[in-house]
Structure formats: structure tokens, C-alpha cells
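I have placed the structure first, in the form of C-alpha cells, so that the comments after it can refer back to it.
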Amino acid sequence: MQTAIEATGHAVGGAEGAAPADTAGIRRIEIRDLRDALSKGLEDFRASRTDVLFLCLIYPAAGLFLAHLAFGYDLLPLIFPMASGFALLGPVAAIGLYEMSRRRERGLEATWADALGVIRSPAFGAIAVLGLYLLAAFLLWLLVAYGIFQATLGPEPPASVGAFVQAVFGTAAGWAMIAIGMGVGFLFAVVVLTVSVVSFPILLDRDIGLYPAIGTSIRAVLANPVPMAAWGLIVAAGLVVGTIPLFIGLAVVMPVLGHATWHLYRRLVAR
């Protein structure tokens with residue numbers, strides 16, 4: 001019992017004697033820093049292409065599985081919310097990619113097997129807890145999205161794909177669903193970006209605990225509102241492009257964005 005309590009305390013507060021999060025200096029960045037992070041992310045992807053593709057095949061597979069469930073159980077209105085929800089779960093899915101970039105930065109071998117080594121990280125408990133938070137946000141988004149459908153085009157499920165598409169783009173209720181859904185989805189995305197863009201990388205890099213990591217992430221976003229808003233748009237656009245061809249593009253988009261996020265963290269937080 002005591003060991004479990006100590007482990008939980010470690011996950012939340014970090015290692016005893018670790019520097020508090022507010023000692024981590026936040027740098028001001030510009031749009032060109034985003035381009036640099038993306039360039040380095042692409043370099044990491046090219047350097048470990050085979051291993052990364054193996055690691056990331058789960059993304060399109062998961063997307064296709066979710067789409068199959070939606071078609072099979074009259075959950076067609078949730079296809080787009082599920083696809084866009086990858087933006088909420090992306091930071092969790094990319095944790096192995098951060099580790100690969102971290103190892104490559106240090107001149108170490110960076111394979112998919114090394115990426116799975118994050119489970120041995122002292123901060124894995126905090127990483128897992130934060131991952132559960134984001135999973136809860138994803139599930140809440142699906143519930144809210146379905147509620148928006150019920151209030152606009154529902155409550156009856158669509159009779160077919162064609163009928164649903166026509167209702168979405170050919171009726172006032174459909175456009176209302178789009179407008180409300182995009183607005184609410186934007187709020188979800190902003191919250192998740194703010195609390196996670198730095199949190200996962202810094203937990204791998206420094207064993208500072210969950211809440212200090214989240215605090216550092218929030219400070220980084222607040223200090224760089226314009227570049228971080230642009231980064232959020234880049235991530236959203238990349239995920240949309242990746243999901244269009246049957247989610248297959250996610251096997252490339254996700255690793256590039258994941259590696260790039262590690263380098264963005266390096267730009268944002270002083271060592």
C-alpha cells in the first residue's frame with residue numbers, strides 16, 4: 001500500500017529533490033522555429049523510416065477499425081469526430097516518437113524497440129496518468145459531438161451514407177451541426193494542446209512530475225500564443241490530410257509531427 005502511494009506521489013510530484021517546473025526557462029519562439037522543428041522532424045522520420053512506419057501502422061489500422069464500428073452500429077455521425085479526435089490522442093500516440101528523437105539527439109540507436117523502452121522511464125506513471133486524461137477528453141468529445149448531432153440532425157440515425165452527406169451539406173440543421181461542432185472541437189483541441197504539447201516531452205526528459213509538467217506546458221503556450229496557435233493549425237491540417245486517404249496518411253503524418261513536437265519542445269524550454 002505504501003509503495004503504491006509513493007509511486008503515485010512520484011508520478012504527480014516528480015522525483016524528490018527535482019527542480020520545480022517554474023525553474024524551467026520558457027523561450028520566446030517565432031514562426032520560423034516551427035519550420036525548423038518540422039524540418040528536423042522530417043529528418044528523424046527519414047533516418048528511422050522503416051522502424052517508424054512499423055510503429056505507426058497502428059494509426060491507420062485504428063482509424064479504419066473505428067470507421068468500421070461507426071458504419072456497423074449506425075454511428076455514422078461520429079466518423080468525423082473520431083477522425084478529428086486523433087488530434088486529442090496524438091500526444092499519447094507520439095510518446096514513442098519523442099523517445100526516438102531524444103535518443104537520436106544523443107547519438108544513440110533509435111529503433112521501434114527502443115521507443116517502447118519508455119515504459120521503463122521513471123516518469124512512466126505520470127505519462128500514463130496524463131494519457132488517461134487525454135483519453136477521457138477524447139471520450140467526452142465523442143459524447144458532446146453525438147449530442148450536437150442529436151440536437152441538430154437527430155435523433156433518428158441516418159438511413160445511408162448518401163442521405164447523411166446530403167443532410168449535412170444540404171440543410172440548415174446540417175450546417176448548424178458543422179458550425180457548432182467545429183467551435184466546440186476547437187475548444188477541446190486548444191485545451192489539449194495547451195496542457196500536453198510540452199508535458200509529454202519534458203516528462204521523458206526530466207522527471208519533474210505530472211502537474212509541474214502541465215504547468216510548464218501551459219506557460220510555454222501562454223508565452224507564445226501566435227506561434228503555438230499556428231502549430232495547432234499545422235497539426236490539425238496534417239491530421240486532416242492524413243485521414244482523408246482511408247487514414248493511411250497517418251502512418252507518415254503522425255511520425256513527422258511527433259518527431260517535430262520533440263524539437264519544438266527543445267525550442268520552447270531551456271535546458
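Following the order of the C-alpha cells, chains are lettered A, B, ..., residues in each are numbered from 1, and ligands are numbered from 1.
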Test item: residues at most 9 Å from Pro157 (chain A), only C-alpha atoms, excluding those fewer than 5 positions along its chain, as a ChimeraX atom specification:
/A:74-77,150,164
Write out as an NGL selection string each polymer residue whose atoms come within 12 Å of Ala173 (chain A), counting only C-alpha atoms; drop sequence neighbours fewer than 6 positions from it.
:A and (148-154 or 164 or 166-167 or 179-181)
Contacts of region 124-218 of chain A with region 250-266 of chain A up to 8 Å, shortest pair per row, only C-alpha atoms, as a Markdown table:
```
| residue | atom | partner | partner_atom | distance |
| --- | --- | --- | --- | --- |
| A:Val197 | CA | A:Thr261 | CA | 7.2 |
| A:Val198 | CA | A:Tyr265 | CA | 5.8 |
| A:Pro201 | CA | A:Trp262 | CA | 6.1 |
| A:Ile202 | CA | A:Tyr265 | CA | 7.7 |
```
Near Ser121 (chain A), counting only C-alpha atoms, which residues have an atom at most 9 Å away, once you skip same-chain residues fewer than 5 positions from it, shown as a ChimeraX atom specification?
/A:203-204,207
If you keep N, CA and C atoms, can you produce a file of those selected residues as a PDB file, in the first residue's frame?
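What landed in again02.pdb:
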```
ATOM      1  N   LEU A 203       8.403  15.221 -19.579  1.00  0.00           N
ATOM      2  CA  LEU A 203       8.365  14.073 -18.662  1.00  0.00           C
ATOM      3  C   LEU A 203       9.393  13.018 -19.069  1.00  0.00           C
ATOM      4  N   LEU A 204       9.624  12.864 -20.369  1.00  0.00           N
ATOM      5  CA  LEU A 204      10.674  11.953 -20.823  1.00  0.00           C
ATOM      6  C   LEU A 204      12.060  12.515 -20.516  1.00  0.00           C
ATOM      7  N   ASP A 207      12.412  14.157 -14.897  1.00  0.00           N
ATOM      8  CA  ASP A 207      11.451  13.506 -14.013  1.00  0.00           C
ATOM      9  C   ASP A 207      10.918  14.540 -13.026  1.00  0.00           C
TER      10      ASP A 207
END
```
Could you produce a table of the residues of region 157-253 of chain A lying within 9 Å of region 88-106 of chain A, with the nearest pair of atoms per residue and their separation in Å rounded to one decimal, using only C-alpha atoms, ordered by chain and increasing residue number, as a Markdown table?
```
| residue | atom | partner | partner_atom | distance |
| --- | --- | --- | --- | --- |
| A:Phe188 | CA | A:Leu88 | CA | 7.7 |
| A:Ala189 | CA | A:Leu88 | CA | 6.4 |
| A:Val192 | CA | A:Leu88 | CA | 6.2 |
| A:Leu193 | CA | A:Leu88 | CA | 7.9 |
| A:Ser196 | CA | A:Pro91 | CA | 6.7 |
| A:Val197 | CA | A:Pro91 | CA | 7.2 |
| A:Phe200 | CA | A:Ile95 | CA | 6.9 |
| A:Pro201 | CA | A:Tyr98 | CA | 6.4 |
| A:Leu204 | CA | A:Glu99 | CA | 7.2 |
| A:Asp205 | CA | A:Arg102 | CA | 8.0 |
```
If you count only C-alpha atoms, which residues fall within 10 Å of Gly25 (chain A), apart from same-chain ones fewer than 6 positions away, as a PDB file with N, CA, C and O atoms, in the first residue's frame?
```pdb
ATOM      1  N   THR A 216       4.367  23.719 -16.905  1.00  0.00           N
ATOM      2  CA  THR A 216       5.369  24.192 -17.857  1.00  0.00           C
ATOM      3  C   THR A 216       4.779  24.314 -19.255  1.00  0.00           C
ATOM      4  O   THR A 216       5.042  25.278 -19.983  1.00  0.00           O
ATOM      5  N   ARG A 219       2.574  27.405 -19.449  1.00  0.00           N
ATOM      6  CA  ARG A 219       3.379  28.631 -19.510  1.00  0.00           C
ATOM      7  C   ARG A 219       4.001  28.816 -20.884  1.00  0.00           C
ATOM      8  O   ARG A 219       4.098  29.932 -21.399  1.00  0.00           O
ATOM      9  N   ALA A 220       4.430  27.714 -21.495  1.00  0.00           N
ATOM     10  CA  ALA A 220       5.046  27.800 -22.826  1.00  0.00           C
ATOM     11  C   ALA A 220       4.051  28.299 -23.865  1.00  0.00           C
ATOM     12  O   ALA A 220       4.383  29.118 -24.732  1.00  0.00           O
ATOM     13  N   LEU A 268      11.247  25.503 -27.102  1.00  0.00           N
ATOM     14  CA  LEU A 268      10.420  26.220 -26.125  1.00  0.00           C
ATOM     15  C   LEU A 268      11.008  26.256 -24.722  1.00  0.00           C
ATOM     16  O   LEU A 268      10.873  27.256 -24.008  1.00  0.00           O
ATOM     17  N   VAL A 269      11.639  25.156 -24.311  1.00  0.00           N
ATOM     18  CA  VAL A 269      12.082  25.034 -22.913  1.00  0.00           C
ATOM     19  C   VAL A 269      13.603  24.978 -22.850  1.00  0.00           C
ATOM     20  O   VAL A 269      14.233  24.126 -23.500  1.00  0.00           O
ATOM     21  N   ALA A 270      14.163  25.894 -22.076  1.00  0.00           N
ATOM     22  CA  ALA A 270      15.626  25.929 -21.913  1.00  0.00           C
ATOM     23  C   ALA A 270      16.099  24.713 -21.141  1.00  0.00           C
ATOM     24  O   ALA A 270      15.415  24.217 -20.243  1.00  0.00           O
ATOM     25  N   ARG A 271      17.284  24.204 -21.506  1.00  0.00           N
ATOM     26  CA  ARG A 271      17.815  23.028 -20.826  1.00  0.00           C
ATOM     27  C   ARG A 271      18.389  23.409 -19.468  1.00  0.00           C
ATOM     28  O   ARG A 271      18.832  24.496 -19.264  1.00  0.00           O
TER      29      ARG A 271
END
```
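Of the listed residues (A:Ile214, A:Met82, A:Ile234, A:Met228), A:Ile214 comes nearest to Val129 (chain A); the distances count only C-alpha atoms.
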Separation of CA of Thr194 (chain A) from CA of Leu222 (chain A) in Å
8.4 Å
Can you tell me which residues surround Phe80 (chain A) at a distance of at most 12 Å, considering only C-alpha atoms, apart from same-chain residues fewer than 5 positions away, and format the answer as a PDB file with N, CA and C atoms, in the first residue's frame?
```pdb
ATOM      1  N   GLY A  63      -7.847   3.806 -37.101  1.00  0.00           N
ATOM      2  CA  GLY A  63      -8.831   4.651 -37.769  1.00  0.00           C
ATOM      3  C   GLY A  63      -9.817   3.841 -38.582  1.00  0.00           C
ATOM      4  N   LEU A  66     -12.230   2.011 -36.236  1.00  0.00           N
ATOM      5  CA  LEU A  66     -13.255   2.894 -35.710  1.00  0.00           C
ATOM      6  C   LEU A  66     -14.304   3.216 -36.771  1.00  0.00           C
ATOM      7  N   ALA A  67     -13.840   3.419 -38.006  1.00  0.00           N
ATOM      8  CA  ALA A  67     -14.785   3.696 -39.095  1.00  0.00           C
ATOM      9  C   ALA A  67     -15.705   2.495 -39.317  1.00  0.00           C
ATOM     10  N   ALA A  70     -18.326   2.469 -36.726  1.00  0.00           N
ATOM     11  CA  ALA A  70     -19.328   3.511 -36.958  1.00  0.00           C
ATOM     12  C   ALA A  70     -20.333   3.077 -38.015  1.00  0.00           C
ATOM     13  N   LEU A  75     -23.414   4.550 -36.193  1.00  0.00           N
ATOM     14  CA  LEU A  75     -22.738   5.690 -35.569  1.00  0.00           C
ATOM     15  C   LEU A  75     -22.056   6.552 -36.630  1.00  0.00           C
ATOM     16  N   GLY A  85     -10.654  13.422 -33.552  1.00  0.00           N
ATOM     17  CA  GLY A  85     -10.203  13.108 -32.201  1.00  0.00           C
ATOM     18  C   GLY A  85      -8.777  12.604 -32.139  1.00  0.00           C
ATOM     19  N   PHE A  86      -8.201  12.235 -33.291  1.00  0.00           N
ATOM     20  CA  PHE A  86      -6.787  11.857 -33.305  1.00  0.00           C
ATOM     21  C   PHE A  86      -5.918  13.003 -32.805  1.00  0.00           C
ATOM     22  N   ALA A  87      -6.392  14.236 -33.009  1.00  0.00           N
ATOM     23  CA  ALA A  87      -5.633  15.388 -32.524  1.00  0.00           C
ATOM     24  C   ALA A  87      -5.566  15.403 -31.002  1.00  0.00           C
ATOM     25  N   TRP A 141     -15.359  14.273 -25.854  1.00  0.00           N
ATOM     26  CA  TRP A 141     -15.591  14.919 -27.150  1.00  0.00           C
ATOM     27  C   TRP A 141     -16.580  14.109 -27.986  1.00  0.00           C
ATOM     28  N   LEU A 142     -16.441  12.784 -27.991  1.00  0.00           N
ATOM     29  CA  LEU A 142     -17.370  11.951 -28.746  1.00  0.00           C
ATOM     30  C   LEU A 142     -18.796  12.087 -28.206  1.00  0.00           C
ATOM     31  N   ALA A 145     -20.030  15.508 -29.269  1.00  0.00           N
ATOM     32  CA  ALA A 145     -20.299  15.522 -30.708  1.00  0.00           C
ATOM     33  C   ALA A 145     -21.598  14.799 -31.032  1.00  0.00           C
ATOM     34  N   TYR A 146     -21.838  13.677 -30.369  1.00  0.00           N
ATOM     35  CA  TYR A 146     -23.077  12.949 -30.614  1.00  0.00           C
ATOM     36  C   TYR A 146     -24.280  13.746 -30.107  1.00  0.00           C
ATOM     37  N   PHE A 149     -25.105  16.256 -32.736  1.00  0.00           N
ATOM     38  CA  PHE A 149     -25.870  15.619 -33.812  1.00  0.00           C
ATOM     39  C   PHE A 149     -27.326  15.428 -33.407  1.00  0.00           C
ATOM     40  N   VAL A 165     -24.772  12.548 -45.871  1.00  0.00           N
ATOM     41  CA  VAL A 165     -23.987  13.608 -46.523  1.00  0.00           C
ATOM     42  C   VAL A 165     -24.911  14.711 -47.035  1.00  0.00           C
ATOM     43  N   VAL A 168     -26.141  16.767 -44.090  1.00  0.00           N
ATOM     44  CA  VAL A 168     -25.097  17.609 -43.504  1.00  0.00           C
ATOM     45  C   VAL A 168     -24.862  18.863 -44.338  1.00  0.00           C
ATOM     46  N   MET A 177     -24.883  21.972 -37.350  1.00  0.00           N
ATOM     47  CA  MET A 177     -24.074  20.929 -36.720  1.00  0.00           C
ATOM     48  C   MET A 177     -22.593  21.148 -37.008  1.00  0.00           C
ATOM     49  N   ILE A 178     -22.283  21.488 -38.261  1.00  0.00           N
ATOM     50  CA  ILE A 178     -20.884  21.726 -38.624  1.00  0.00           C
ATOM     51  C   ILE A 178     -20.310  22.893 -37.830  1.00  0.00           C
ATOM     52  N   GLY A 181     -20.140  22.053 -34.051  1.00  0.00           N
ATOM     53  CA  GLY A 181     -19.134  21.010 -33.832  1.00  0.00           C
ATOM     54  C   GLY A 181     -17.719  21.534 -33.978  1.00  0.00           C
ATOM     55  N   MET A 182     -17.488  22.362 -34.995  1.00  0.00           N
ATOM     56  CA  MET A 182     -16.147  22.917 -35.191  1.00  0.00           C
ATOM     57  C   MET A 182     -15.770  23.841 -34.044  1.00  0.00           C
ATOM     58  N   GLY A 185     -15.191  21.581 -30.963  1.00  0.00           N
ATOM     59  CA  GLY A 185     -13.976  20.805 -31.199  1.00  0.00           C
ATOM     60  C   GLY A 185     -12.731  21.651 -31.077  1.00  0.00           C
ATOM     61  N   LEU A 239      -3.330  16.257 -39.725  1.00  0.00           N
ATOM     62  CA  LEU A 239      -4.155  15.107 -39.372  1.00  0.00           C
ATOM     63  C   LEU A 239      -5.337  14.950 -40.325  1.00  0.00           C
ATOM     64  N   VAL A 240      -5.899  16.084 -40.767  1.00  0.00           N
ATOM     65  CA  VAL A 240      -6.991  16.008 -41.738  1.00  0.00           C
ATOM     66  C   VAL A 240      -6.491  15.383 -43.038  1.00  0.00           C
ATOM     67  N   THR A 243      -5.990  11.644 -42.650  1.00  0.00           N
ATOM     68  CA  THR A 243      -7.160  10.780 -42.519  1.00  0.00           C
ATOM     69  C   THR A 243      -7.936  10.624 -43.818  1.00  0.00           C
ATOM     70  N   ILE A 244      -7.730  11.544 -44.770  1.00  0.00           N
ATOM     71  CA  ILE A 244      -8.538  11.511 -45.991  1.00  0.00           C
ATOM     72  C   ILE A 244      -8.360  10.205 -46.781  1.00  0.00           C
ATOM     73  N   PHE A 247      -7.244   6.941 -43.804  1.00  0.00           N
ATOM     74  CA  PHE A 247      -6.391   7.037 -42.621  1.00  0.00           C
ATOM     75  C   PHE A 247      -4.948   6.588 -42.886  1.00  0.00           C
TER      76      PHE A 247
END
```
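Distances from A:Val195, A:Val161, A:Ile29, A:Val118 to Leu134 (chain A) were compared using only C-alpha atoms, and the smallest one belongs to A:Val195.
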